[in-house]
Amino acid sequence: MLKVEDLKRKTHSELQDMVIQLKRELMNLRFQRVAGQISSTARFREARREIAQIKTLQRQSTLNKASA
């Protein structure tokens, strides 16, 4: 699980790259689940939460820039 402090230090493009990477991981996990090869279903939840955290930080920074 990622820490929010670590995410705040990253640039917008780094965060966007992380979202893309996590979405690819979710897709691969779905394929593994269908094929019956998945070992840990908890990773689905973790990846979705990490994506949500990153998108929340991106939205907060956008709102902060708009209000400034």
# chains A, B, ... in the order shown; residues from 1 in each chain; ligands from 1
>>> residues_around(residues="Ile54 in chain A", least_positions_apart="6", cutoff="8 Å", atoms="only C-alpha atoms", output="PyMOL selection string")
chain A and resi 7+15+19
>>> write_last_selection(atoms="N, CA and C atoms", output="compact mmCIF listing (two decimals), in the first residue's frame")
# COMPACT_ATOMS: atom_id res chain seq x y z
N LEU A 7 3.05 9.89 -2.19
CA LEU A 7 2.33 10.27 -3.40
C LEU A 7 2.33 11.79 -3.59
N LEU A 15 2.26 10.56 -11.28
CA LEU A 15 1.02 9.99 -10.76
C LEU A 15 0.18 9.40 -11.87
N VAL A 19 -1.15 5.50 -12.35
CA VAL A 19 -2.54 5.09 -12.59
C VAL A 19 -2.60 4.15 -13.77
>>> select_by_dssp(residues="range 22-53 of chain A", states="alpha helix (DSSP H)", output="list in words")
Leu22, Lys23, Arg24, Glu25, Leu26, Met27, Asn28, Leu29, Arg30, Phe31, Gln32, Arg33, Val34, Ala35, Ala42, Arg43, Phe44, Arg45, Glu46, Ala47, Arg48, Arg49, Glu50, Ile51, Ala52 and Gln53 of chain A
>>> atom_distance(atom1="CA of Ala42 in chain A", atom2="CA of Thr11 in chain A")
27.9 Å
>>> closest_residue(among="A:Gln16, A:Lys3, A:Leu29, A:Lys10", to="Ala47 in chain A", atoms="only C-alpha atoms")
A:Leu29
